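Okay, data-v7.txt is below, compact mmCIF, C-alpha atoms:
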```txt
# COMPACT_ATOMS: atom_id res chain seq x y z
CA MET A 1 -59.62 -71.22 13.33
CA ALA A 2 -57.08 -69.60 15.63
CA PHE A 3 -53.72 -68.44 14.33
CA ASN A 4 -50.41 -68.96 16.10
CA ILE A 5 -48.05 -66.00 15.86
CA LEU A 6 -44.35 -65.75 16.71
CA ILE A 7 -42.97 -62.34 17.73
CA VAL A 8 -39.19 -61.98 17.37
CA ASP A 9 -37.60 -58.85 18.83
CA ASP A 10 -34.71 -58.28 21.21
CA SER A 11 -36.64 -55.55 23.00
CA PRO A 12 -38.99 -56.93 25.68
CA ALA A 13 -40.90 -53.62 25.55
CA MET A 14 -41.47 -53.88 21.80
CA ARG A 15 -42.58 -57.52 22.15
CA ARG A 16 -45.17 -56.35 24.68
CA VAL A 17 -46.44 -53.67 22.31
CA LEU A 18 -46.66 -56.10 19.40
CA ARG A 19 -48.48 -58.60 21.60
CA ARG A 20 -50.90 -55.90 22.71
CA VAL A 21 -51.66 -54.82 19.15
CA VAL A 22 -52.30 -58.43 18.16
CA ASP A 23 -54.55 -58.85 21.19
CA ILE A 24 -56.71 -55.86 20.29
CA SER A 25 -56.69 -56.51 16.54
CA GLY A 26 -59.72 -58.78 16.75
CA MET A 27 -57.79 -61.56 15.05
CA ASP A 28 -58.58 -65.03 16.36
CA VAL A 29 -55.21 -65.79 17.92
CA GLY A 30 -54.32 -69.15 19.42
CA THR A 31 -50.83 -68.96 20.85
CA LEU A 32 -48.58 -65.91 20.84
CA LEU A 33 -44.97 -67.01 21.08
CA GLU A 34 -41.99 -64.76 21.75
CA ALA A 35 -38.28 -64.96 20.97
CA GLY A 36 -35.48 -62.50 21.66
CA ASN A 37 -33.45 -63.26 18.54
CA GLY A 38 -33.39 -65.42 15.43
CA ARG A 39 -31.76 -68.39 17.11
CA GLU A 40 -34.42 -68.60 19.81
CA ALA A 41 -37.06 -68.21 17.10
CA LEU A 42 -35.69 -71.12 15.06
CA ALA A 43 -35.67 -73.36 18.14
CA LEU A 44 -39.35 -72.52 18.74
CA LEU A 45 -40.24 -73.02 15.08
CA HIS A 46 -38.94 -76.58 15.22
CA THR A 47 -41.31 -77.47 18.05
CA GLU A 48 -44.34 -75.20 17.56
CA TRP A 49 -46.77 -74.69 14.70
CA VAL A 50 -46.77 -71.02 13.64
CA ASP A 51 -48.95 -69.24 11.08
CA LEU A 52 -47.08 -65.93 11.05
CA ILE A 53 -43.63 -64.70 12.06
CA MET A 54 -43.17 -61.04 12.94
CA THR A 55 -39.48 -60.23 13.21
CA ASP A 56 -37.17 -57.32 13.87
CA ILE A 57 -33.91 -57.12 11.89
CA ASN A 58 -31.21 -55.84 14.22
CA MET A 59 -30.90 -58.44 16.98
CA PRO A 60 -27.93 -60.02 18.76
CA ASP A 61 -26.80 -63.61 18.10
CA MET A 62 -28.95 -64.14 14.97
CA ASP A 63 -30.54 -61.19 13.20
CA GLY A 64 -33.80 -61.07 11.26
CA GLU A 65 -32.10 -61.38 7.89
CA GLN A 66 -30.43 -64.66 8.87
CA LEU A 67 -33.67 -65.90 10.42
CA LEU A 68 -35.51 -65.20 7.18
CA LEU A 69 -32.87 -67.10 5.18
CA GLU A 70 -33.08 -70.09 7.53
CA VAL A 71 -36.88 -70.13 7.39
CA ARG A 72 -37.02 -69.94 3.62
CA LYS A 73 -34.56 -72.79 3.09
CA ASP A 74 -36.34 -75.12 5.54
CA PRO A 75 -39.00 -77.15 3.65
CA MET A 76 -41.16 -77.32 6.79
CA LEU A 77 -41.12 -73.54 7.29
CA ALA A 78 -40.60 -72.16 3.80
CA THR A 79 -44.19 -71.03 3.27
CA VAL A 80 -44.75 -69.41 6.68
CA PRO A 81 -45.50 -65.71 6.11
CA VAL A 82 -42.83 -63.39 7.53
CA LEU A 83 -43.61 -59.79 8.42
CA VAL A 84 -40.54 -57.65 9.08
CA VAL A 85 -41.04 -54.94 11.72
CA SER A 86 -37.95 -52.76 11.87
CA THR A 87 -36.67 -49.27 12.61
CA ASP A 88 -34.74 -49.48 9.35
CA ARG A 89 -36.83 -47.66 6.74
CA SER A 90 -34.11 -47.49 4.12
CA GLU A 91 -35.17 -48.47 0.64
CA ALA A 92 -32.17 -50.78 0.33
CA ARG A 93 -33.11 -52.79 3.41
CA THR A 94 -36.77 -53.04 2.48
CA LYS A 95 -35.93 -54.29 -1.01
CA GLN A 96 -33.38 -56.73 0.37
CA MET A 97 -35.76 -58.32 2.88
CA MET A 98 -38.57 -58.60 0.35
CA THR A 99 -36.17 -60.17 -2.16
CA LEU A 100 -35.07 -62.69 0.45
CA GLY A 101 -38.67 -63.77 0.91
CA ALA A 102 -40.36 -61.49 3.43
CA ASN A 103 -44.09 -61.15 2.81
CA GLY A 104 -44.43 -57.70 4.35
CA TYR A 105 -42.33 -54.87 5.76
CA LEU A 106 -43.51 -52.44 8.41
CA SER A 107 -41.21 -49.74 9.70
CA LYS A 108 -41.15 -48.40 13.25
CA PRO A 109 -42.69 -46.14 14.32
CA PHE A 110 -45.99 -47.57 13.22
CA LEU A 111 -49.59 -46.95 14.10
CA PRO A 112 -51.35 -49.94 15.69
CA SER A 113 -53.88 -49.87 12.87
CA ALA A 114 -51.09 -50.27 10.30
CA LEU A 115 -49.79 -53.38 12.05
CA SER A 116 -53.30 -54.83 12.28
CA ARG A 117 -53.76 -54.27 8.56
CA GLU A 118 -50.53 -56.09 7.77
CA ILE A 119 -51.48 -59.03 9.99
CA TYR A 120 -54.90 -59.32 8.39
CA LYS A 121 -53.38 -59.02 4.93
CA LEU A 122 -51.02 -61.92 5.59
CA LEU A 123 -53.43 -64.15 7.48
CA GLY A 124 -56.68 -63.08 5.91
CA GLY A 125 -56.79 -66.01 3.54
CA GLY A 126 -56.86 -68.52 6.37
CA PRO A 127 -54.26 -70.27 8.48
CA ASN A 128 -51.06 -71.18 6.71
CA GLU A 129 -51.27 -74.53 4.96
CA ARG A 130 -47.83 -76.03 5.08
CA PHE A 131 -48.56 -79.61 4.20
CA MET B 132 -24.63 -34.36 5.87
CA ARG B 133 -24.10 -30.88 7.15
CA ASP B 134 -24.78 -29.72 10.70
CA PHE B 135 -27.75 -27.59 9.73
CA GLU B 136 -29.42 -30.59 8.10
CA PHE B 137 -29.11 -32.67 11.27
CA ALA B 138 -30.42 -29.72 13.23
CA GLY B 139 -33.71 -30.03 11.41
CA LEU B 140 -33.74 -33.79 10.95
CA ILE B 141 -33.20 -34.93 14.55
CA PRO B 142 -36.19 -33.11 16.09
CA GLU B 143 -38.40 -33.99 13.12
CA CYS B 144 -37.64 -37.72 13.32
CA CYS B 145 -37.88 -37.83 17.11
CA SER B 146 -41.21 -35.99 17.06
CA GLU B 147 -42.58 -38.52 14.61
CA VAL B 148 -41.58 -41.46 16.83
CA LEU B 149 -42.95 -39.85 19.99
CA ASP B 150 -46.22 -38.94 18.34
CA ALA B 151 -46.87 -42.33 16.71
CA MET B 152 -45.82 -44.77 19.42
CA TYR B 153 -45.47 -42.86 22.68
CA PHE B 154 -48.54 -40.63 22.28
CA THR B 155 -46.35 -37.74 23.33
CA THR B 156 -46.18 -34.30 21.78
CA VAL B 157 -42.99 -32.32 21.36
CA LEU B 158 -43.67 -28.80 22.60
CA GLU B 159 -40.31 -27.19 21.93
CA THR B 160 -36.93 -28.20 20.58
CA GLY B 161 -33.52 -26.64 20.48
CA PRO B 162 -29.85 -27.25 21.03
CA GLN B 163 -29.16 -28.40 24.59
CA LYS B 164 -27.24 -25.83 26.52
CA THR B 165 -24.10 -27.14 28.13
CA GLY B 166 -22.32 -26.04 31.21
CA PRO B 167 -23.55 -25.63 34.78
CA GLU B 168 -26.64 -23.61 33.85
CA GLY B 169 -27.82 -25.57 30.87
CA ALA B 170 -26.85 -29.13 31.71
CA PRO B 171 -29.67 -31.28 32.99
CA SER B 172 -29.58 -32.62 36.51
CA ILE B 173 -27.93 -36.03 36.53
CA ASP B 174 -30.09 -37.17 39.41
CA ALA B 175 -32.32 -40.08 38.52
CA LEU B 176 -31.44 -39.94 34.84
CA VAL B 177 -32.06 -42.83 32.50
CA ALA B 178 -29.58 -43.02 29.64
CA PHE B 179 -29.21 -45.31 26.64
CA SER B 180 -26.98 -45.25 23.63
CA LEU B 181 -26.28 -47.40 20.59
CA ARG B 182 -23.81 -47.53 17.75
CA PHE B 183 -24.83 -47.03 14.14
CA VAL B 184 -22.74 -48.28 11.23
CA GLY B 185 -23.32 -47.38 7.61
CA ASP B 186 -21.92 -44.83 5.22
CA LEU B 187 -22.18 -42.68 8.30
CA SER B 188 -21.05 -44.26 11.56
CA GLY B 189 -21.08 -43.14 15.14
CA ARG B 190 -23.02 -43.26 18.35
CA PHE B 191 -26.51 -42.05 19.21
CA GLY B 192 -27.97 -41.66 22.67
CA ILE B 193 -30.68 -40.21 24.82
CA PHE B 194 -31.07 -39.32 28.46
CA LEU B 195 -34.11 -38.34 30.43
CA GLU B 196 -35.34 -38.27 33.99
CA LEU B 197 -36.79 -41.46 35.43
CA ALA B 198 -40.18 -39.79 35.89
CA THR B 199 -40.26 -38.94 32.18
CA ALA B 200 -39.20 -42.49 31.27
CA ARG B 201 -42.07 -43.84 33.39
CA LYS B 202 -44.61 -41.59 31.62
CA LEU B 203 -43.32 -42.62 28.22
CA ALA B 204 -43.34 -46.28 29.21
CA ALA B 205 -46.94 -46.02 30.41
CA ASN B 206 -47.96 -44.48 27.09
CA PHE B 207 -45.96 -46.96 25.04
CA LEU B 208 -47.18 -50.04 26.87
CA GLY B 209 -50.72 -48.76 27.40
CA GLU B 210 -50.54 -49.25 31.15
CA GLU B 211 -50.93 -47.15 34.28
CA GLU B 212 -47.86 -45.10 35.16
CA SER B 213 -48.03 -46.28 38.76
CA GLY B 214 -47.54 -49.86 37.59
CA ILE B 215 -44.38 -49.17 35.61
CA SER B 216 -41.20 -50.44 37.24
CA SER B 217 -37.78 -48.87 36.81
CA VAL B 218 -36.74 -51.87 34.72
CA GLU B 219 -39.72 -51.44 32.39
CA ALA B 220 -39.07 -47.69 32.13
CA GLY B 221 -35.49 -48.51 31.15
CA GLU B 222 -36.54 -51.07 28.54
CA VAL B 223 -38.88 -48.58 26.94
CA ALA B 224 -36.23 -45.85 27.01
CA GLY B 225 -33.84 -48.24 25.27
CA GLU B 226 -36.40 -48.90 22.56
CA LEU B 227 -36.99 -45.16 22.27
CA ALA B 228 -33.28 -44.62 21.60
CA ASN B 229 -33.38 -47.42 19.03
CA MET B 230 -36.36 -45.94 17.21
CA PHE B 231 -34.98 -42.38 17.31
CA CYS B 232 -31.69 -43.56 15.84
CA GLY B 233 -33.36 -45.82 13.26
CA SER B 234 -35.62 -43.03 12.14
CA VAL B 235 -32.76 -40.54 11.74
CA MET B 236 -30.46 -43.03 10.02
CA SER B 237 -33.18 -44.16 7.62
CA ARG B 238 -33.46 -40.57 6.45
CA VAL B 239 -29.72 -40.01 6.35
CA GLU B 240 -28.80 -43.24 4.60
CA GLY B 241 -31.69 -43.24 2.14
CA GLU B 242 -30.88 -46.00 -0.29
CA HIS B 243 -28.01 -47.36 1.78
CA LYS B 244 -28.23 -50.04 4.45
CA PHE B 245 -27.10 -49.45 8.01
CA VAL B 246 -26.78 -51.54 11.16
CA LEU B 247 -27.72 -50.53 14.69
CA SER B 248 -26.32 -52.17 17.80
CA HIS B 249 -28.47 -53.19 20.75
CA PRO B 250 -29.14 -50.12 22.98
CA GLU B 251 -26.98 -50.14 26.08
CA GLY B 252 -27.75 -48.48 29.36
CA ALA B 253 -25.28 -45.79 30.32
CA SER B 254 -24.56 -44.07 33.58
CA VAL B 255 -24.64 -40.62 31.99
CA PRO B 256 -20.92 -40.02 32.21
CA SER B 257 -19.83 -36.53 31.44
CA SER B 258 -18.65 -37.68 28.01
CA ASP B 259 -22.24 -38.58 27.15
CA LEU B 260 -23.25 -35.00 27.73
CA GLY B 261 -21.22 -33.95 24.75
CA GLY B 262 -21.33 -35.18 21.17
CA ASP B 263 -21.45 -33.50 17.81
CA PHE B 264 -25.14 -32.83 18.30
CA LEU B 265 -26.89 -32.30 21.61
CA TRP B 266 -30.57 -31.61 21.32
CA ARG B 267 -33.29 -30.98 23.88
CA LEU B 268 -36.86 -32.05 23.23
CA ALA B 269 -39.39 -30.53 25.62
CA THR B 270 -42.44 -32.81 25.54
CA ASP B 271 -45.69 -33.10 27.42
CA SER B 272 -44.15 -36.10 29.20
CA GLY B 273 -40.97 -34.24 30.20
CA ASP B 274 -37.63 -33.32 28.68
CA ILE B 275 -35.58 -35.71 26.56
CA THR B 276 -32.00 -34.95 25.54
CA VAL B 277 -30.69 -36.51 22.36
CA TRP B 278 -27.02 -36.66 21.39
CA MET B 279 -25.16 -37.94 18.41
CA THR B 280 -21.48 -38.38 17.67
CA ILE B 281 -20.31 -38.98 14.13
CA GLU B 282 -17.10 -40.94 13.60
CA GLU B 283 -16.86 -40.59 9.87
CA ASP B 284 -18.77 -38.96 7.08
CA LEU B 285 -17.70 -40.46 3.79
CA CYS B 286 -18.50 -38.41 0.73
CA ARG B 287 -20.97 -40.04 -1.57
CA PRO B 288 -21.21 -39.23 -5.24
```
Take the structure from the file and write it as structure tokens.
Amino acid sequence: MAFNILIVDDSPAMRRVLRRVVDISGMDVGTLLEAGNGREALALLHTEWVDLIMTDINMPDMDGEQLLLEVRKDPMLATVPVLVVSTDRSEARTKQMMTLGANGYLSKPFLPSALSREIYKLLGGGPNERF
Amino acid sequence: MRDFEFAGLIPECCSEVLDAMYFTTVLETGPQKTGPEGAPSIDALVAFSLRFVGDLSGRFGIFLELATARKLAANFLGEEESGISSVEAGEVAGELANMFCGSVMSRVEGEHKFVLSHPEGASVPSSDLGGDFLWRLATDSGDITVWMTIEEDLCRP
């Protein structure tokens, strides 16, 4: 079964890199969606089925922390795995995002193999069953 | 953090980013010379900067020649250099500034959170050629100059 993945990052270049890594990961991917900030991501999440959200933290309009809070309090989205991909490697930020409900945290810079591992770890058990 | 600590930290963090995601090796690093002899040519320069806010706040930026930005973009995106547009080179340079700054601030702040603004393109005004720290990274993709200005350095227990 193919997985749908949402990439949320304000950098078009980073979205392209994330998309490329997903493409070459060997994962059976259905649709790869992109959003430039949390607000755009939420709008997509209300119309599209997604099995994994990969999000940056520092973004204009709505950041990754707020996006995570919105996702976790929405009964329709609450169980969607969220992988944070951020330049912020501080222990405080990592702990905070995991406490708020992130399922994984990968800091930039990362090796493509590390991102693939995280994706497989979060999706390995099969597509997200929300209902 | 004292000057000599940044002097070691900035090239170390930048080298790590370039190696992991831009497949670029830093060949030599050192303080950027200023003045007519040491200042880089401002022709065809790509420049980005962003603000960082935490226990330590200030501004962080990079500038590099367009040809270098194209090489880095090709490596980063995994595409042919000839197919990289100026816009794409700029986007990748902006992300490079973001990752450089994030890497340095993660080490500086340690257990403290910080916030980075969105990288903004700059026209390499003369003020951007200054800063508390001005560092040159000679890489196999070309030279990159990194600068950092600190607004405040609150003492932590």
Any chance you could tabulate, as JSON lines, the residues of chain A at most 8 Å from chain B with each one's nearest atom pair and distance in Å to one decimal, using all atoms listed in the file, in chain and rising number order?
```
{"residue": "A:Ser11", "atom": "CA", "partner": "B:Glu226", "partner_atom": "CA", "distance": 6.7}
{"residue": "A:Pro12", "atom": "CA", "partner": "B:Glu222", "partner_atom": "CA", "distance": 7.0}
{"residue": "A:Ala13", "atom": "CA", "partner": "B:Val223", "partner_atom": "CA", "distance": 5.6}
{"residue": "A:Met14", "atom": "CA", "partner": "B:Glu226", "partner_atom": "CA", "distance": 7.1}
{"residue": "A:Arg16", "atom": "CA", "partner": "B:Leu208", "partner_atom": "CA", "distance": 7.0}
{"residue": "A:Val17", "atom": "CA", "partner": "B:Leu208", "partner_atom": "CA", "distance": 5.9}
{"residue": "A:Asn58", "atom": "CA", "partner": "B:Leu247", "partner_atom": "CA", "distance": 6.4}
{"residue": "A:Met59", "atom": "CA", "partner": "B:His249", "partner_atom": "CA", "distance": 6.9}
{"residue": "A:Pro60", "atom": "CA", "partner": "B:His249", "partner_atom": "CA", "distance": 7.1}
{"residue": "A:Thr87", "atom": "CA", "partner": "B:Gly233", "partner_atom": "CA", "distance": 4.8}
{"residue": "A:Asp88", "atom": "CA", "partner": "B:Gly233", "partner_atom": "CA", "distance": 5.5}
{"residue": "A:Arg89", "atom": "CA", "partner": "B:Ser237", "partner_atom": "CA", "distance": 5.1}
{"residue": "A:Ser90", "atom": "CA", "partner": "B:Ser237", "partner_atom": "CA", "distance": 4.9}
{"residue": "A:Glu91", "atom": "CA", "partner": "B:Glu242", "partner_atom": "CA", "distance": 5.0}
{"residue": "A:Ala92", "atom": "CA", "partner": "B:Glu242", "partner_atom": "CA", "distance": 5.0}
{"residue": "A:Arg93", "atom": "CA", "partner": "B:Lys244", "partner_atom": "CA", "distance": 5.7}
{"residue": "A:Lys108", "atom": "CA", "partner": "B:Met230", "partner_atom": "CA", "distance": 6.7}
{"residue": "A:Pro109", "atom": "CA", "partner": "B:Val148", "partner_atom": "CA", "distance": 5.4}
{"residue": "A:Phe110", "atom": "CA", "partner": "B:Ala151", "partner_atom": "CA", "distance": 6.4}
{"residue": "A:Leu111", "atom": "CA", "partner": "B:Ala151", "partner_atom": "CA", "distance": 6.0}
```
Would you export the selected residues with C-alpha atoms as an mmCIF file, in the frame of the given file, please?
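Wrote out-v4.cif, looks like this:
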```
data_model
loop_
_atom_site.group_PDB
_atom_site.id
_atom_site.type_symbol
_atom_site.label_atom_id
_atom_site.label_comp_id
_atom_site.auth_asym_id
_atom_site.auth_seq_id
_atom_site.Cartn_x
_atom_site.Cartn_y
_atom_site.Cartn_z
ATOM 1 C CA SER A 11 -36.640 -55.550 23.000
ATOM 2 C CA PRO A 12 -38.990 -56.930 25.680
ATOM 3 C CA ALA A 13 -40.900 -53.620 25.550
ATOM 4 C CA MET A 14 -41.470 -53.880 21.800
ATOM 5 C CA ARG A 16 -45.170 -56.350 24.680
ATOM 6 C CA VAL A 17 -46.440 -53.670 22.310
ATOM 7 C CA ASN A 58 -31.210 -55.840 14.220
ATOM 8 C CA MET A 59 -30.900 -58.440 16.980
ATOM 9 C CA PRO A 60 -27.930 -60.020 18.760
ATOM 10 C CA THR A 87 -36.670 -49.270 12.610
ATOM 11 C CA ASP A 88 -34.740 -49.480 9.350
ATOM 12 C CA ARG A 89 -36.830 -47.660 6.740
ATOM 13 C CA SER A 90 -34.110 -47.490 4.120
ATOM 14 C CA GLU A 91 -35.170 -48.470 0.640
ATOM 15 C CA ALA A 92 -32.170 -50.780 0.330
ATOM 16 C CA ARG A 93 -33.110 -52.790 3.410
ATOM 17 C CA LYS A 108 -41.150 -48.400 13.250
ATOM 18 C CA PRO A 109 -42.690 -46.140 14.320
ATOM 19 C CA PHE A 110 -45.990 -47.570 13.220
ATOM 20 C CA LEU A 111 -49.590 -46.950 14.100
#
```
*What's the 10 Å shell around Glu48 of chain A, counting all atoms listed in the file, without same-chain residues fewer than 6 positions away, as a ChimeraX atom specification?*
/A:4,6,31,33,42
*Val71 of chain A environment, 12 Å, all atoms listed in the file, sequence neighbours closer than 5 positions dropped, as a VMD selection string*: chain A and resid 38 to 39 41 to 46 50 52 to 53 55 64 to 66 76 to 82 100 to 102
*Report the distance between atom CA of Thr160 of chain B and atom CA of Leu140 of chain B in Å, rounded to one decimal place.*
11.6 Å
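Of the residues listed (A:Asp56, A:Asp10, A:Glu34, A:Asp23), A:Asp56 shows the shortest atom-to-atom separation from Leu106 of chain A; distances use only C-alpha atoms.
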_Using all atoms listed in the file, which protein or nucleic acid residues come within 9 Å of Thr276 of chain B? Drop anything in the same chain fewer than 3 positions from it, and give the result as a PyMOL selection string._
chain B and resi 163+171+192-195+265-269
Would you write out those residues with C-alpha atoms, as a PDB file, keeping the file's coordinate frame?
```pdb
ATOM      1  CA  GLN B 163     -29.160 -28.400  24.590  1.00  0.00           C
ATOM      2  CA  PRO B 171     -29.670 -31.280  32.990  1.00  0.00           C
ATOM      3  CA  GLY B 192     -27.970 -41.660  22.670  1.00  0.00           C
ATOM      4  CA  ILE B 193     -30.680 -40.210  24.820  1.00  0.00           C
ATOM      5  CA  PHE B 194     -31.070 -39.320  28.460  1.00  0.00           C
ATOM      6  CA  LEU B 195     -34.110 -38.340  30.430  1.00  0.00           C
ATOM      7  CA  LEU B 265     -26.890 -32.300  21.610  1.00  0.00           C
ATOM      8  CA  TRP B 266     -30.570 -31.610  21.320  1.00  0.00           C
ATOM      9  CA  ARG B 267     -33.290 -30.980  23.880  1.00  0.00           C
ATOM     10  CA  LEU B 268     -36.860 -32.050  23.230  1.00  0.00           C
ATOM     11  CA  ALA B 269     -39.390 -30.530  25.620  1.00  0.00           C
TER      12      ALA B 269
END
```
*Distance of atom CA of Gly36 of chain A from atom CA of Gly214 of chain B, expressed in Å to one decimal place*: 23.6 Å
*At what distance in Å, to one decimal, does atom CA of Leu115 of chain A lie from atom CA of Thr199 of chain B?*
26.5 Å
Listed atoms of segment 83-101 of chain A boxed axis-aligned with 8 Å per side, centre + edges as JSON:
```
{"center_x": -37.9, "center_y": -55.6, "center_z": 5.2, "size_x": 27.4, "size_y": 32.3, "size_z": 30.8}
```
*Would you mind telling me which residue in A:Ala2, A:Val8, A:Leu18, A:Ile57 lies nearest to Gly30 of chain A when using only C-alpha atoms?*
A:Ala2
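Take the candidates A:Val21, A:Leu68, A:Met27, A:Met54 and check each one against Ile5 of chain A using only C-alpha atoms; the shortest distance goes to A:Met54.
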